[in-house]
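Source file my_file.txt; content: compact mmCIF, C-alpha atoms.
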# COMPACT_ATOMS: atom_id res chain seq x y z
CA GLY E 126 58.41 -27.07 -153.01
CA VAL E 127 55.89 -27.35 -155.82
CA LEU E 128 53.57 -24.96 -153.96
CA ALA E 129 56.37 -22.41 -153.59
CA LEU E 130 56.77 -22.04 -157.38
CA PRO E 131 53.28 -20.67 -158.21
CA ALA E 132 53.12 -18.72 -154.94
CA GLY E 133 56.43 -17.01 -155.65
CA THR E 134 55.44 -16.28 -159.24
CA LEU E 135 52.15 -14.76 -158.12
CA ALA E 136 53.90 -12.61 -155.51
CA ILE E 137 56.26 -11.29 -158.19
CA ALA E 138 53.46 -10.59 -160.67
CA ALA E 139 51.02 -8.97 -158.23
CA ARG E 140 50.96 -5.25 -157.44
CA LYS E 141 53.58 -4.64 -154.77
CA GLY E 142 52.08 -3.76 -151.41
CA GLY E 143 48.63 -5.02 -152.42
CA ARG E 144 46.56 -7.71 -150.76
CA LEU E 145 47.30 -10.34 -153.42
CA HIS E 146 51.02 -9.70 -153.13
CA ALA E 147 50.85 -10.03 -149.35
CA ARG E 148 48.82 -13.25 -149.42
CA ALA E 149 50.94 -14.87 -152.13
CA GLY E 150 54.09 -13.81 -150.28
CA THR E 151 52.80 -15.34 -147.07
CA LEU E 152 52.03 -18.61 -148.86
CA PHE E 153 55.49 -18.56 -150.42
CA PHE E 154 57.06 -17.92 -147.02
CA VAL E 155 55.23 -20.85 -145.39
CA ALA E 156 55.97 -23.21 -148.30
CA MET E 157 59.67 -22.33 -148.32
CA MET E 158 59.95 -22.69 -144.56
CA VAL E 159 58.42 -26.17 -144.71
CA LEU E 160 60.73 -27.00 -147.61
CA GLY E 161 63.81 -25.71 -145.78
CA VAL E 162 63.07 -27.41 -142.46
CA THR E 163 62.23 -30.79 -144.00
CA ALA E 164 65.25 -30.63 -146.35
CA SER E 165 67.63 -29.89 -143.48
CA ILE E 166 66.23 -32.86 -141.54
CA LEU E 167 66.07 -35.37 -144.40
CA GLU E 168 69.23 -34.59 -146.40
CA PRO E 169 71.64 -36.29 -143.98
CA PHE E 170 69.58 -39.50 -144.30
CA ARG E 171 69.55 -39.52 -148.11
CA ARG E 172 70.89 -42.72 -149.66
CA PRO E 173 73.24 -43.66 -151.21
CA ASP E 174 74.84 -40.20 -150.90
CA PRO E 175 73.88 -38.29 -147.73
CA GLY E 176 73.59 -34.54 -148.19
CA SER E 177 74.28 -31.52 -146.02
CA PRO E 178 71.55 -29.80 -143.97
CA ILE E 179 73.08 -26.40 -144.72
CA GLY E 180 71.05 -25.95 -147.91
CA GLY E 181 67.77 -26.23 -146.04
CA ILE E 182 69.03 -23.96 -143.27
CA LEU E 183 70.00 -21.35 -145.86
CA VAL E 184 66.50 -21.41 -147.32
CA CYS E 185 65.05 -20.70 -143.87
CA TYR E 186 67.61 -17.97 -143.23
CA PHE E 187 66.88 -16.05 -146.42
CA VAL E 188 63.09 -16.24 -146.24
CA VAL E 189 62.96 -15.37 -142.53
CA THR E 190 65.26 -12.34 -142.83
CA SER E 191 63.36 -11.20 -145.92
CA TRP E 192 60.01 -11.67 -144.19
CA VAL E 193 61.08 -9.71 -141.12
CA ALA E 194 62.34 -6.85 -143.30
CA ALA E 195 58.96 -6.68 -145.03
CA ARG E 196 56.93 -6.84 -141.83
CA ARG E 197 58.85 -4.17 -139.92
CA ARG E 198 57.32 -1.16 -141.58
CA ASP E 199 59.07 1.22 -139.21
CA GLY E 200 62.44 -0.10 -140.43
CA ALA E 201 63.67 -0.81 -136.89
CA THR E 202 66.59 -3.24 -136.56
CA GLY E 203 68.42 -4.74 -133.61
CA ARG E 204 68.89 -8.10 -131.92
CA PHE E 205 67.27 -10.16 -134.65
CA GLU E 206 69.64 -8.79 -137.29
CA PHE E 207 72.64 -9.36 -134.99
CA GLY E 208 71.58 -12.99 -134.49
CA ALA E 209 70.87 -13.52 -138.18
CA GLY E 210 74.24 -12.01 -139.11
CA GLY E 211 76.06 -14.28 -136.70
CA ALA E 212 74.25 -17.33 -138.06
CA ALA E 213 75.07 -16.34 -141.65
CA LEU E 214 78.77 -15.89 -140.85
CA ILE E 215 78.91 -19.30 -139.15
CA MET E 216 77.24 -20.90 -142.18
CA ALA E 217 79.68 -19.12 -144.48
CA ALA E 218 82.61 -20.50 -142.51
CA LEU E 219 81.18 -24.03 -142.65
CA ILE E 220 80.49 -23.80 -146.38
CA ILE E 221 83.97 -22.48 -147.22
CA TRP E 222 85.58 -25.06 -144.94
CA GLY E 223 83.57 -27.79 -146.67
CA GLY E 224 84.68 -26.53 -150.06
CA MET E 225 88.33 -26.44 -149.05
CA THR E 226 88.33 -29.92 -147.51
CA GLY E 227 86.04 -31.56 -150.07
CA ALA E 228 83.48 -32.39 -147.40
CA THR E 229 80.77 -30.45 -149.21
CA THR E 230 81.46 -31.20 -152.86
CA PRO E 231 84.25 -33.60 -153.85
CA SER E 232 83.70 -32.94 -157.57
CA GLY E 233 84.24 -29.18 -157.60
CA THR E 234 84.42 -26.29 -155.18
CA GLY E 235 83.54 -23.29 -157.38
CA PRO E 236 79.79 -23.06 -156.66
CA VAL E 237 80.40 -23.79 -152.98
CA PHE E 238 82.80 -20.87 -152.62
CA VAL E 239 80.33 -18.59 -154.41
CA LEU E 240 77.65 -19.62 -151.92
CA GLY E 241 80.06 -19.11 -149.04
CA VAL E 242 80.92 -15.60 -150.20
CA LEU E 243 77.21 -14.84 -150.58
CA CYS E 244 76.63 -15.90 -146.98
CA LEU E 245 79.52 -13.68 -145.87
CA LEU E 246 77.93 -10.76 -147.70
CA ALA E 247 74.48 -11.48 -146.26
CA GLY E 248 75.89 -11.74 -142.75
CA ALA E 249 77.83 -8.49 -143.12
CA LEU E 250 74.69 -6.73 -144.36
CA ASP E 251 72.78 -8.10 -141.36
CA LEU E 252 75.33 -6.63 -138.97
CA LYS E 253 75.35 -3.34 -140.88
CA ALA E 254 71.55 -3.17 -140.63
CA ALA E 255 71.68 -3.96 -136.91
CA LEU E 256 74.23 -1.23 -136.25
CA ALA E 257 72.14 1.29 -138.19
CA HIS E 258 69.19 0.63 -135.81
CA LYS E 259 66.79 1.84 -138.51
CA LEU E 260 66.47 1.34 -142.27
CA THR E 261 64.94 3.74 -144.75
CA GLY E 262 61.97 2.57 -146.80
CA GLY E 263 64.18 1.92 -149.82
CA GLN E 264 66.77 0.00 -147.80
CA ARG E 265 64.09 -2.14 -146.19
CA ILE E 266 62.48 -3.03 -149.51
CA ALA E 267 65.83 -3.78 -151.13
CA ARG E 268 66.71 -6.09 -148.21
CA HIS E 269 63.37 -7.85 -148.54
CA LEU E 270 63.64 -8.11 -152.32
CA TRP E 271 67.06 -9.60 -152.87
CA ARG E 272 66.74 -12.13 -150.09
CA MET E 273 63.34 -13.36 -151.18
CA CYS E 274 64.44 -13.56 -154.82
CA PHE E 275 67.49 -15.60 -153.85
CA ALA E 276 65.28 -17.97 -151.85
CA PHE E 277 63.01 -18.21 -154.90
CA PHE E 278 66.05 -19.07 -157.05
CA ILE E 279 66.84 -21.96 -154.71
CA ALA E 280 63.35 -23.31 -155.44
CA THR E 281 63.41 -22.71 -159.21
CA GLY E 282 66.98 -23.96 -159.60
CA SER E 283 66.30 -27.09 -157.58
CA PHE E 284 63.20 -27.92 -159.62
CA PHE E 285 64.04 -26.91 -163.20
CA LEU E 286 67.71 -27.92 -163.10
CA GLY E 287 68.09 -30.35 -160.22
CA GLN E 288 64.99 -32.50 -160.78
CA GLN E 289 64.60 -32.70 -164.55
CA GLU E 290 63.70 -36.37 -164.27
CA VAL E 291 60.21 -35.36 -163.13
CA LEU E 292 59.70 -33.18 -166.23
CA PRO E 293 58.53 -34.40 -169.66
CA ALA E 294 61.39 -35.94 -171.65
CA VAL E 295 60.95 -33.43 -174.48
CA VAL E 296 62.02 -30.47 -172.30
CA ARG E 297 64.89 -32.08 -170.42
CA GLY E 298 68.12 -30.27 -171.17
CA SER E 299 66.27 -27.39 -172.80
CA PRO E 300 67.76 -23.87 -172.48
CA TRP E 301 64.27 -22.75 -171.41
CA LEU E 302 64.85 -24.56 -168.13
CA LEU E 303 67.92 -22.41 -167.54
CA LEU E 304 65.84 -19.31 -168.22
CA LEU E 305 63.14 -20.40 -165.77
CA ALA E 306 65.69 -21.36 -163.13
CA PHE E 307 67.52 -18.02 -163.23
CA ALA E 308 64.42 -15.85 -163.79
CA PRO E 309 64.33 -14.71 -160.12
CA PHE E 310 67.66 -12.93 -160.64
CA GLY E 311 66.23 -11.04 -163.60
CA VAL E 312 63.24 -9.99 -161.52
CA MET E 313 65.52 -8.97 -158.68
CA ALA E 314 67.69 -6.83 -160.97
CA PHE E 315 64.64 -5.14 -162.51
CA TRP E 316 63.11 -4.13 -159.18
CA LEU E 317 66.41 -3.08 -157.59
CA ILE E 318 67.17 -0.81 -160.55
CA ARG E 319 63.64 0.55 -160.52
CA LEU E 320 63.89 1.18 -156.79
CA ARG E 321 67.23 2.93 -157.29
CA LEU E 322 65.89 5.22 -160.01
CA ARG E 323 62.61 5.99 -158.32
CA LYS E 324 62.33 9.55 -157.07
CA ALA E 325 59.13 9.22 -155.07
CA PRO E 326 59.18 7.37 -151.71
CA PRO E 327 58.44 3.66 -152.27
CA ALA E 328 55.05 2.27 -151.29
CA PRO E 329 55.20 0.15 -148.12
CA PHE E 330 55.47 -3.63 -148.47
CA ARG E 331 52.87 -5.49 -146.44
I need this file expressed as structure tokens, please.
Amino acid sequence: GVLALPAGTLAIAARKGGRLHARAGTLFFVAMMVLGVTASILEPFRRPDPGSPIGGILVCYFVVTSWVAARRRDGATGRFEFGAGGAALIMAALIIWGGMTGATTPSGTGPVFVLGVLCLLAGALDLKAALAHKLTGGQRIARHLWRMCFAFFIATGSFFLGQQEVLPAVVRGSPWLLLLAFAPFGVMAFWLIRLRLRKAPPAPFR
């Protein structure tokens, strides 16, 4: 998780499509996959309050679908997107069910429902991409971008907001931590708007 933070930051700051961007993105992908797999395995054994493995599975889902979108330079879609969409819809159903029954969060269901709706949207977009059979360059980059930025937010939010006890006491509760946690959304908005307004064909992501 700690390795994912500098790797993700470097991937964002580097020239898109360049070697540094590709290498930092690969490191971020590997770090987030390790984080997601280990979290999904260990969360149910957490004491005194066991957690759900869905959070770790979501991390893997977002980084894998983003990674595949970046690697398929021809924009082809098919069985993988169908499978990913089905998995996302199942996770959405489980998350919403957990929010309604209190199994996921007894203290409040708002954030859980937001996450469930996001999974529904991601799954629907997967199925839409699969049915299209081929994405344009802009569509492929947008798919890669928003999914990777959301995965990055899971890392930044978990660290800067969810684990403040490991930070120096002087910064705990600081609004700067909120800014750092939600920074991936700002980056995502910037690049999506830039991609939307760009007239020339976008450079390929590697």
One-decimal distance in Å that lies between atom CA of Ile215 of chain E and atom CA of Gly241 of chain E: 10.0 Å
Within 10 Å of segment 129-140 of chain E: each segment 255-274 of chain E residue with its shortest pair, only C-alpha atoms, as CSV:
residue,atom,partner,partner_atom,distance
E:Leu270,CA,E:Ile137,CA,10.0
E:Met273,CA,E:Gly133,CA,9.0
E:Cys274,CA,E:Gly133,CA,8.8
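Take the candidates E:Val193, E:Leu167, E:Cys185, E:Val296 and check each one against Ile279 of chain E using only C-alpha atoms; the shortest distance goes to E:Cys185.
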Between E:Leu286, E:Ala218, E:Ala254, E:Ile318, which residue has the minimum interatomic distance to Phe205 of chain E, considering only C-alpha atoms? E:Ala254
Cut-off 8 Å around (70.6, -5.7, -130.6) with all atoms listed in the file: residues as a list in words: Thr202, Gly203, Arg204, Phe205, Glu206, Phe207 and Ala255 of chain E
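Across E:Pro175, E:Gly150, E:Gly223, E:Gly126, the tightest approach to Val162 of chain E is made by E:Gly126 when counting all atoms listed in the file.
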